[in-house]
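**Q** Below you'll find data.cif; it's mmCIF, C-alpha atoms, pLDDT in the B column; chains and numbers go by the auth columns.
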```cif
data_target
loop_
_atom_site.group_PDB
_atom_site.id
_atom_site.type_symbol
_atom_site.label_atom_id
_atom_site.label_comp_id
_atom_site.label_asym_id
_atom_site.label_seq_id
_atom_site.Cartn_x
_atom_site.Cartn_y
_atom_site.Cartn_z
_atom_site.B_iso_or_equiv
_atom_site.auth_seq_id
_atom_site.auth_asym_id
ATOM 1 C CA LYS A 1 0.000 0.000 0.000 85.00 1025 R
ATOM 2 C CA GLN A 2 1.373 3.380 -1.002 91.00 1026 R
ATOM 3 C CA GLU A 3 2.157 5.693 1.900 93.00 1027 R
ATOM 4 C CA VAL A 4 3.266 9.306 1.660 96.00 1028 R
ATOM 5 C CA THR A 5 5.183 10.979 4.467 96.00 1029 R
ATOM 6 C CA GLN A 6 6.149 14.597 4.968 96.00 1030 R
ATOM 7 C CA ILE A 7 8.759 15.643 7.478 92.00 1031 R
ATOM 8 C CA PRO A 8 8.859 17.925 9.353 92.00 1032 R
ATOM 9 C CA ALA A 9 5.219 18.454 10.284 94.00 1033 R
ATOM 10 C CA ALA A 10 5.934 22.106 11.022 95.00 1034 R
ATOM 11 C CA LEU A 11 8.681 24.557 10.131 95.00 1035 R
ATOM 12 C CA SER A 12 9.363 28.156 11.133 97.00 1036 R
ATOM 13 C CA VAL A 13 11.905 30.289 9.293 96.00 1037 R
ATOM 14 C CA PRO A 14 12.821 33.978 9.079 97.00 1038 R
ATOM 15 C CA GLU A 15 11.849 35.926 5.998 97.00 1039 R
ATOM 16 C CA GLY A 16 14.293 35.706 3.118 97.00 1040 R
ATOM 17 C CA GLU A 17 15.564 32.234 3.920 96.00 1041 R
ATOM 18 C CA ASN A 18 15.701 29.507 1.289 97.00 1042 R
ATOM 19 C CA LEU A 19 14.045 26.327 2.463 96.00 1043 R
ATOM 20 C CA VAL A 20 13.328 22.745 1.479 96.00 1044 R
ATOM 21 C CA LEU A 21 10.236 20.698 2.233 97.00 1045 R
ATOM 22 C CA ASN A 22 10.491 16.943 2.026 97.00 1046 R
ATOM 23 C CA CYS A 23 8.115 14.266 0.783 98.00 1047 R
ATOM 24 C CA SER A 24 8.757 10.530 0.678 97.00 1048 R
ATOM 25 C CA PHE A 25 6.672 7.703 -0.719 97.00 1049 R
ATOM 26 C CA THR A 26 6.962 3.955 -0.220 95.00 1050 R
ATOM 27 C CA ASP A 27 6.195 2.659 -3.725 92.00 1051 R
ATOM 28 C CA SER A 28 8.172 4.088 -6.640 91.00 1052 R
ATOM 29 C CA ALA A 29 5.464 3.056 -9.125 90.00 1053 R
ATOM 30 C CA ILE A 30 3.794 6.442 -9.372 90.00 1054 R
ATOM 31 C CA TYR A 31 2.408 8.299 -12.362 88.00 1055 R
ATOM 32 C CA ASN A 32 2.979 11.770 -11.047 90.00 1056 R
ATOM 33 C CA LEU A 33 3.633 13.724 -7.895 93.00 1057 R
ATOM 34 C CA GLN A 34 1.925 16.976 -7.060 94.00 1058 R
ATOM 35 C CA TRP A 35 2.551 19.730 -4.544 97.00 1059 R
ATOM 36 C CA PHE A 36 -0.361 21.718 -3.143 96.00 1060 R
ATOM 37 C CA ARG A 37 -0.692 24.683 -0.856 97.00 1061 R
ATOM 38 C CA GLN A 38 -3.489 25.006 1.704 96.00 1062 R
ATOM 39 C CA ASP A 39 -4.230 28.209 3.558 95.00 1063 R
ATOM 40 C CA PRO A 40 -6.120 27.996 6.872 91.00 1064 R
ATOM 41 C CA GLY A 41 -9.818 27.312 6.322 87.00 1065 R
ATOM 42 C CA LYS A 42 -9.383 27.111 2.569 90.00 1066 R
ATOM 43 C CA GLY A 43 -9.192 24.493 -0.137 91.00 1067 R
ATOM 44 C CA LEU A 44 -6.045 23.258 -1.832 94.00 1068 R
ATOM 45 C CA THR A 45 -4.254 25.100 -4.593 94.00 1069 R
ATOM 46 C CA SER A 46 -2.042 23.197 -7.007 93.00 1070 R
ATOM 47 C CA LEU A 47 1.546 24.454 -7.114 96.00 1071 R
ATOM 48 C CA LEU A 48 3.487 22.003 -9.245 95.00 1072 R
ATOM 49 C CA LEU A 49 2.925 18.680 -10.975 93.00 1073 R
ATOM 50 C CA ILE A 50 5.862 16.441 -11.858 93.00 1074 R
ATOM 51 C CA GLN A 51 5.215 13.594 -14.231 89.00 1075 R
ATOM 52 C CA SER A 52 6.957 10.293 -13.525 88.00 1076 R
ATOM 53 C CA SER A 53 9.322 10.797 -16.470 90.00 1077 R
ATOM 54 C CA GLN A 54 10.434 14.227 -15.232 92.00 1078 R
ATOM 55 C CA ARG A 55 13.025 15.120 -12.628 94.00 1079 R
ATOM 56 C CA GLU A 56 11.898 18.614 -11.715 95.00 1080 R
ATOM 57 C CA GLN A 57 9.451 21.441 -12.312 95.00 1081 R
ATOM 58 C CA THR A 58 9.801 25.136 -11.611 96.00 1082 R
ATOM 59 C CA SER A 59 7.307 27.919 -11.072 95.00 1083 R
ATOM 60 C CA GLY A 60 8.604 31.285 -9.956 96.00 1084 R
ATOM 61 C CA ARG A 61 10.381 30.876 -6.618 97.00 1085 R
ATOM 62 C CA LEU A 62 9.298 27.253 -6.340 97.00 1086 R
ATOM 63 C CA ASN A 63 11.238 24.253 -7.592 97.00 1087 R
ATOM 64 C CA ALA A 64 10.112 20.673 -7.092 97.00 1088 R
ATOM 65 C CA SER A 65 12.290 17.656 -7.724 97.00 1089 R
ATOM 66 C CA LEU A 66 11.414 14.004 -8.048 97.00 1090 R
ATOM 67 C CA ASP A 67 13.605 10.950 -7.495 96.00 1091 R
ATOM 68 C CA LYS A 68 11.385 7.937 -8.076 93.00 1092 R
ATOM 69 C CA SER A 69 14.079 5.370 -7.367 92.00 1093 R
ATOM 70 C CA SER A 70 14.612 6.680 -3.851 94.00 1094 R
ATOM 71 C CA GLY A 71 10.950 7.539 -3.305 96.00 1095 R
ATOM 72 C CA ARG A 72 11.576 11.211 -2.601 97.00 1096 R
ATOM 73 C CA SER A 73 10.504 14.642 -3.688 97.00 1097 R
ATOM 74 C CA THR A 74 11.556 18.038 -2.432 97.00 1098 R
ATOM 75 C CA LEU A 75 9.934 21.429 -2.738 97.00 1099 R
ATOM 76 C CA TYR A 76 12.458 24.244 -2.706 97.00 1100 R
ATOM 77 C CA ILE A 77 11.207 27.734 -1.868 97.00 1101 R
ATOM 78 C CA ALA A 78 13.616 30.548 -2.599 97.00 1102 R
ATOM 79 C CA ALA A 79 13.705 33.821 -0.693 97.00 1103 R
ATOM 80 C CA SER A 80 10.749 32.969 1.520 97.00 1104 R
ATOM 81 C CA GLN A 81 8.138 35.611 2.306 97.00 1105 R
ATOM 82 C CA PRO A 82 5.474 35.868 5.027 97.00 1106 R
ATOM 83 C CA GLY A 83 2.863 35.240 2.321 97.00 1107 R
ATOM 84 C CA ASP A 84 4.358 31.779 1.842 97.00 1108 R
ATOM 85 C CA SER A 85 3.039 30.787 5.268 97.00 1109 R
ATOM 86 C CA ALA A 86 0.650 27.881 4.686 97.00 1110 R
ATOM 87 C CA THR A 87 0.463 24.101 4.802 97.00 1111 R
ATOM 88 C CA TYR A 88 2.186 22.358 1.926 97.00 1112 R
ATOM 89 C CA LEU A 89 0.939 18.950 0.861 97.00 1113 R
ATOM 90 C CA CYS A 90 2.439 16.465 -1.526 97.00 1114 R
ATOM 91 C CA ALA A 91 0.415 13.771 -3.230 95.00 1115 R
ATOM 92 C CA VAL A 92 1.092 10.929 -5.647 93.00 1116 R
ATOM 93 C CA VAL A 93 -0.992 9.245 -8.317 89.00 1117 R
ATOM 94 C CA PRO A 94 -0.466 5.482 -7.993 85.00 1118 R
ATOM 95 C CA PRO A 95 -1.212 2.892 -10.695 79.00 1119 R
ATOM 96 C CA PRO A 96 -3.315 2.506 -12.713 76.00 1120 R
ATOM 97 C CA GLY A 97 -3.020 6.296 -13.000 66.00 1121 R
ATOM 98 C CA ASN A 98 -5.908 6.954 -15.339 69.00 1122 R
ATOM 99 C CA THR A 99 -8.277 7.532 -12.416 73.00 1123 R
ATOM 100 C CA GLY A 100 -6.267 10.435 -11.089 76.00 1124 R
ATOM 101 C CA LYS A 101 -6.757 9.299 -7.513 85.00 1125 R
ATOM 102 C CA LEU A 102 -4.356 11.074 -5.182 90.00 1126 R
ATOM 103 C CA ILE A 103 -2.682 9.749 -2.060 92.00 1127 R
ATOM 104 C CA PHE A 104 -1.678 12.615 0.200 95.00 1128 R
ATOM 105 C CA GLY A 105 0.947 13.167 2.826 95.00 1129 R
ATOM 106 C CA GLN A 106 -0.120 14.910 6.007 94.00 1130 R
ATOM 107 C CA GLY A 107 1.574 18.133 5.119 95.00 1131 R
ATOM 108 C CA THR A 108 4.202 20.512 6.423 97.00 1132 R
ATOM 109 C CA THR A 109 2.936 23.702 8.027 96.00 1133 R
ATOM 110 C CA LEU A 110 5.290 26.547 7.201 97.00 1134 R
ATOM 111 C CA GLN A 111 5.521 29.827 9.064 97.00 1135 R
ATOM 112 C CA VAL A 112 7.685 32.581 7.620 97.00 1136 R
ATOM 113 C CA LYS A 113 8.374 35.286 10.185 97.00 1137 R
ATOM 114 C CA PRO A 114 8.853 38.916 9.090 95.00 1138 R
ATOM 115 C CA ASP B 1 -16.732 32.038 -13.383 57.00 809 D
ATOM 116 C CA ALA B 2 -17.200 30.237 -10.062 67.00 810 D
ATOM 117 C CA GLY B 3 -15.009 27.229 -10.889 92.00 811 D
ATOM 118 C CA ILE B 4 -15.822 24.667 -8.257 95.00 812 D
ATOM 119 C CA THR B 5 -18.222 25.390 -5.425 95.00 813 D
ATOM 120 C CA GLN B 6 -19.433 23.475 -2.410 97.00 814 D
ATOM 121 C CA SER B 7 -22.531 23.917 -0.305 96.00 815 D
ATOM 122 C CA PRO B 8 -23.191 24.283 2.486 97.00 816 D
ATOM 123 C CA ARG B 9 -19.883 25.605 3.782 96.00 817 D
ATOM 124 C CA TYR B 10 -20.795 24.664 7.343 97.00 818 D
ATOM 125 C CA LYS B 11 -23.237 22.061 8.580 98.00 819 D
ATOM 126 C CA ILE B 12 -24.193 20.780 12.015 98.00 820 D
ATOM 127 C CA THR B 13 -26.336 17.676 12.189 97.00 821 D
ATOM 128 C CA GLU B 14 -27.257 14.921 14.585 97.00 822 D
ATOM 129 C CA THR B 15 -26.295 11.276 14.648 98.00 823 D
ATOM 130 C CA GLY B 16 -28.530 9.177 12.409 97.00 824 D
ATOM 131 C CA ARG B 17 -29.642 11.963 10.101 97.00 825 D
ATOM 132 C CA GLN B 18 -29.105 11.917 6.377 97.00 826 D
ATOM 133 C CA VAL B 19 -26.935 14.730 5.058 97.00 827 D
ATOM 134 C CA THR B 20 -26.103 15.694 1.482 98.00 828 D
ATOM 135 C CA LEU B 21 -23.101 17.811 0.571 98.00 829 D
ATOM 136 C CA MET B 22 -23.221 19.482 -2.807 98.00 830 D
ATOM 137 C CA CYS B 23 -20.429 20.046 -5.305 98.00 831 D
ATOM 138 C CA HIS B 24 -20.729 21.936 -8.568 97.00 832 D
ATOM 139 C CA GLN B 25 -18.072 22.711 -11.192 96.00 833 D
ATOM 140 C CA THR B 26 -18.361 24.971 -14.202 95.00 834 D
ATOM 141 C CA TRP B 27 -15.457 23.623 -16.269 90.00 835 D
ATOM 142 C CA SER B 28 -17.151 20.459 -17.611 89.00 836 D
ATOM 143 C CA HIS B 29 -14.315 18.412 -16.140 91.00 837 D
ATOM 144 C CA SER B 30 -14.792 14.681 -16.574 90.00 838 D
ATOM 145 C CA TYR B 31 -13.319 13.626 -13.251 91.00 839 D
ATOM 146 C CA MET B 32 -14.640 14.573 -9.834 93.00 840 D
ATOM 147 C CA PHE B 33 -13.513 13.516 -6.385 94.00 841 D
ATOM 148 C CA TRP B 34 -14.587 13.675 -2.759 97.00 842 D
ATOM 149 C CA TYR B 35 -11.996 13.762 0.033 96.00 843 D
ATOM 150 C CA ARG B 36 -12.231 14.155 3.757 97.00 844 D
ATOM 151 C CA GLN B 37 -9.541 15.860 5.823 96.00 845 D
ATOM 152 C CA ASP B 38 -8.941 14.904 9.427 94.00 846 D
ATOM 153 C CA LEU B 39 -6.173 15.704 11.889 86.00 847 D
ATOM 154 C CA GLY B 40 -3.792 12.804 12.010 80.00 848 D
ATOM 155 C CA HIS B 41 -5.040 11.303 8.752 83.00 849 D
ATOM 156 C CA GLY B 42 -4.610 14.042 6.201 86.00 850 D
ATOM 157 C CA LEU B 43 -6.746 13.945 3.069 93.00 851 D
ATOM 158 C CA ARG B 44 -8.344 10.632 2.166 94.00 852 D
ATOM 159 C CA LEU B 45 -10.357 9.769 -0.930 94.00 853 D
ATOM 160 C CA ILE B 46 -14.004 8.847 -0.349 96.00 854 D
ATOM 161 C CA TYR B 47 -15.364 8.444 -3.884 96.00 855 D
ATOM 162 C CA TYR B 48 -14.449 9.484 -7.371 93.00 856 D
ATOM 163 C CA SER B 49 -16.194 9.681 -10.719 93.00 857 D
ATOM 164 C CA ALA B 50 -14.685 9.452 -14.186 89.00 858 D
ATOM 165 C CA ALA B 51 -17.796 10.725 -15.979 89.00 859 D
ATOM 166 C CA ALA B 52 -21.527 11.079 -15.560 89.00 860 D
ATOM 167 C CA ASP B 53 -23.025 7.839 -14.228 90.00 861 D
ATOM 168 C CA ILE B 54 -19.558 6.348 -13.519 91.00 862 D
ATOM 169 C CA THR B 55 -18.472 6.292 -9.890 93.00 863 D
ATOM 170 C CA ASP B 56 -16.113 4.196 -7.793 92.00 864 D
ATOM 171 C CA LYS B 57 -15.094 3.825 -4.182 93.00 865 D
ATOM 172 C CA GLY B 58 -12.044 5.321 -2.626 91.00 866 D
ATOM 173 C CA GLU B 59 -10.193 4.509 0.571 89.00 867 D
ATOM 174 C CA VAL B 60 -12.924 5.452 3.067 94.00 868 D
ATOM 175 C CA SER B 61 -16.279 4.968 1.327 95.00 869 D
ATOM 176 C CA ASP B 62 -18.273 3.150 4.044 96.00 870 D
ATOM 177 C CA GLY B 63 -21.328 5.155 5.094 96.00 871 D
ATOM 178 C CA TYR B 64 -21.240 7.421 2.036 97.00 872 D
ATOM 179 C CA VAL B 65 -23.173 7.405 -1.229 97.00 873 D
ATOM 180 C CA VAL B 66 -22.575 9.439 -4.372 97.00 874 D
ATOM 181 C CA SER B 67 -24.346 10.039 -7.635 95.00 875 D
ATOM 182 C CA ARG B 68 -23.421 11.807 -10.846 95.00 876 D
ATOM 183 C CA SER B 69 -26.372 12.265 -13.128 94.00 877 D
ATOM 184 C CA LYS B 70 -24.862 15.449 -14.620 93.00 878 D
ATOM 185 C CA THR B 71 -21.225 16.152 -15.423 94.00 879 D
ATOM 186 C CA GLU B 72 -21.162 19.334 -13.360 95.00 880 D
ATOM 187 C CA ASN B 73 -22.640 17.986 -10.120 97.00 881 D
ATOM 188 C CA PHE B 74 -21.306 15.386 -7.698 97.00 882 D
ATOM 189 C CA PRO B 75 -23.318 15.239 -4.460 98.00 883 D
ATOM 190 C CA LEU B 76 -22.094 13.240 -1.464 98.00 884 D
ATOM 191 C CA THR B 77 -24.676 11.757 0.888 98.00 885 D
ATOM 192 C CA LEU B 78 -24.102 10.491 4.399 97.00 886 D
ATOM 193 C CA GLU B 79 -26.917 7.987 4.738 95.00 887 D
ATOM 194 C CA SER B 80 -26.975 7.924 8.537 97.00 888 D
ATOM 195 C CA ALA B 81 -24.443 10.339 9.972 97.00 889 D
ATOM 196 C CA THR B 82 -22.094 9.194 12.734 97.00 890 D
ATOM 197 C CA ARG B 83 -19.770 11.235 14.958 97.00 891 D
ATOM 198 C CA SER B 84 -16.780 9.704 13.183 96.00 892 D
ATOM 199 C CA GLN B 85 -17.926 11.464 10.022 97.00 893 D
ATOM 200 C CA THR B 86 -17.256 14.855 11.594 97.00 894 D
ATOM 201 C CA SER B 87 -14.669 16.257 9.219 97.00 895 D
ATOM 202 C CA VAL B 88 -13.896 18.776 6.531 97.00 896 D
ATOM 203 C CA TYR B 89 -15.030 17.546 3.128 98.00 897 D
ATOM 204 C CA PHE B 90 -13.398 18.681 -0.095 97.00 898 D
ATOM 205 C CA CYS B 91 -14.643 18.208 -3.603 97.00 899 D
ATOM 206 C CA ALA B 92 -12.214 18.350 -6.521 94.00 900 D
ATOM 207 C CA SER B 93 -12.354 18.100 -10.287 93.00 901 D
ATOM 208 C CA SER B 94 -9.886 17.328 -13.057 90.00 902 D
ATOM 209 C CA ASP B 95 -10.113 17.454 -16.826 84.00 903 D
ATOM 210 C CA LEU B 96 -7.942 14.466 -17.722 72.00 904 D
ATOM 211 C CA GLY B 97 -7.915 12.659 -14.405 59.00 905 D
ATOM 212 C CA GLY B 98 -4.653 10.851 -14.778 56.00 906 D
ATOM 213 C CA ILE B 99 -1.061 11.464 -15.498 60.00 907 D
ATOM 214 C CA LEU B 100 -1.130 14.935 -16.933 68.00 908 D
ATOM 215 C CA SER B 101 -3.716 16.873 -14.999 77.00 909 D
ATOM 216 C CA THR B 102 -3.901 18.427 -11.618 84.00 910 D
ATOM 217 C CA GLN B 103 -7.013 18.575 -9.469 89.00 911 D
ATOM 218 C CA TYR B 104 -8.868 21.754 -8.606 92.00 912 D
ATOM 219 C CA PHE B 105 -10.340 21.858 -5.139 94.00 913 D
ATOM 220 C CA GLY B 106 -13.436 23.508 -3.759 95.00 914 D
ATOM 221 C CA PRO B 107 -13.378 25.559 -0.537 95.00 915 D
ATOM 222 C CA GLY B 108 -14.604 22.679 1.630 96.00 916 D
ATOM 223 C CA THR B 109 -17.589 21.897 3.834 97.00 917 D
ATOM 224 C CA ARG B 110 -17.044 21.658 7.560 97.00 918 D
ATOM 225 C CA LEU B 111 -19.438 19.034 8.911 98.00 919 D
ATOM 226 C CA THR B 112 -20.086 18.457 12.598 98.00 920 D
ATOM 227 C CA VAL B 113 -22.118 15.450 13.700 97.00 921 D
ATOM 228 C CA LEU B 114 -23.402 15.721 17.267 96.00 922 D
#
```
Could the structure of this file be written out as structure tokens, please?
**A**
Amino acid sequence: KQEVTQIPAALSVPEGENLVLNCSFTDSAIYNLQWFRQDPGKGLTSLLLIQSSQREQTSGRLNASLDKSSGRSTLYIAASQPGDSATYLCAVVPPPGNTGKLIFGQGTTLQVKP
Amino acid sequence: DAGITQSPRYKITETGRQVTLMCHQTWSHSYMFWYRQDLGHGLRLIYYSAAADITDKGEVSDGYVVSRSKTENFPLTLESATRSQTSVYFCASSDLGGILSTQYFGPGTRLTVL
């Protein structure tokens, strides 16, 4: 059974710092991996989607990498800002893939202090 | 241009009552999903649908029923609500459903079962 883990559960950093969020998964047979952001009391917003054949994706200050063989993904946030404070969730699409079903980690709650 | 909406946003009900949570999307996405989010468990898939009149169970489907008579609507019914179904429920939709597409989430419904 696929399991997704995110460590740490919470992280606090000063503004301007570069930081890395970690995601690990137990079964390397995934179709894609996605990173989401969730603000308190809100729904999820998609940040990046990495297909299984890709190694990384970038959007603005965000860079996500994927290493299927080791079952790991990282989300790199450059020059963090207080507006980046949120919970970040990673999720994988396991086989058969065509259903799009996501298996989520429990998230890392990030606080960026001014 | 609402995107994906959920109603009600908040609901309090009593044990044993039937409750229906509504989800509506304006994109004509083929795939729709219901998740529940609980502390300690993260987001877990309840049901998903690949198209109108096609639905399938997710990880935690016991006690829930869905229907999809129209592409844009995907209601979730709790047949006889239990306290363990107190949770935040998220609906999501996706155009391709599988490898290439992300999911777009609604704002959530916070359900309390007394």
**Q** Enumerate as a PyMOL selection string the residues belonging to chain R that approach chain D to within 10 Å, with all atoms listed in the file taken into account.
**A** chain R and resi 1054-1060+1065-1076+1113+1115+1117-1131
**Q** Identify, on the basis of only C-alpha atoms, every residue whose closest approach to D:Ala889 does not exceed 8 Å; exclude the query and any residue fewer than 4 positions from it along the same chain; express the result as a list of chain:residue names.
**A**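 Within the cut-off, the hits are D:Thr821, D:Glu822, D:Thr823, D:Gly824, D:Arg825, D:Gln826, D:Val827, D:Gly871, D:Gln893, D:Val921.
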**Q** Expressed in Å to a single decimal, how great is the separation between atom CA of D:Ala860 and atom CA of D:Ser838?
**A** 7.7 Å
**Q** What is the atom CA of R:Arg1096 to atom CA of R:Thr1132 distance in Å?
**A**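 Atom CA of R:Thr1132 lies at a distance of 14.9 Å from atom CA of R:Arg1096.
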**Q** Once you add 5 Å to each side, what are the centre and edge lengths of the axis-aligned box holding all listed atoms of stretch 837-846 of chain D? One decimal in Å, as lines of an AutoDock Vina configuration file, if you can.
**A**
```
center_x = -11.9
center_y = 16.0
center_z = -3.6
size_x = 15.9
size_y = 14.9
size_z = 36.0
```
**Q** Can you measure atom CA of D:Val873 to atom CA of D:Gln833 for me? One decimal in Å is fine.
**A**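 Between atom CA of D:Val873 and atom CA of D:Gln833 the gap works out to 19.0 Å.
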**Q** Name the residues that the PyMOL selection byres ((chain R and resi 1077-1090) around 6) picks from the file above, as a PDB file with C-alpha atoms, keeping the file's coordinate frame, using the file's chain letters and numbers.
**A**
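Okay, this is what ended up in selection34.pdb:
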```pdb
ATOM      1  CA  GLN R1075       5.215  13.594 -14.231  1.00 89.00           C
ATOM      2  CA  SER R1076       6.957  10.293 -13.525  1.00 88.00           C
ATOM      3  CA  ASP R1091      13.605  10.950  -7.495  1.00 96.00           C
ATOM      4  CA  SER R1097      10.504  14.642  -3.688  1.00 97.00           C
ATOM      5  CA  THR R1098      11.556  18.038  -2.432  1.00 97.00           C
ATOM      6  CA  LEU R1099       9.934  21.429  -2.738  1.00 97.00           C
ATOM      7  CA  TYR R1100      12.458  24.244  -2.706  1.00 97.00           C
ATOM      8  CA  ILE R1101      11.207  27.734  -1.868  1.00 97.00           C
ATOM      9  CA  ALA R1102      13.616  30.548  -2.599  1.00 97.00           C
TER      10      ALA R1102
END
```
**Q** Find, counting all atoms listed in the file, the residue in D:Val868, D:Ala859, D:Leu886, D:Val874 that gets nearest to D:Cys831.
**A** D:Val874
**Q** Could you pull the residues within 7 Å of R:Ile1031, counting only C-alpha atoms, minus those fewer than 2 positions along the same chain, as a list of chain:residue names?
**A**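 Here the answer would be R:Thr1029, R:Ala1033, R:Asn1046, R:Cys1047, R:Thr1132.
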**Q** Which residue is closest to D:Trp835? Choose from D:Ser892, D:Ser869, D:Asn881, D:Ser815 and count only C-alpha atoms.
**A**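 Smallest distance to D:Trp835 is found for D:Asn881.
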**Q** Counting all atoms listed in the file, figure out which residue out of D:Lys819, D:His837, D:Ile812, D:Asp861 gets nearest to D:Thr920.
**A**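 Using all atoms listed in the file, D:Thr920 sits closest to D:Lys819.
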**Q** For D:Thr828, which of D:Leu922, D:Tyr872, D:Thr890, D:Lys878 is the closest residue, counting all atoms listed in the file?
**A** D:Tyr872
**Q** For a quick check of understanding, using only C-alpha atoms, which of R:Ala1053, R:Ala1034, R:Val1136, R:Val1028 has the smallest distance to R:Ala1103?
**A**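 Smallest separation from R:Ala1103 among the options: R:Val1136.
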**Q** Report as a PyMOL selection string the residues that result from applying the PyMOL selection byres ((chain R and resi 1037) around 8) to the structure here.
**A** chain R and resi 1035-1036+1038-1039+1041+1134-1137
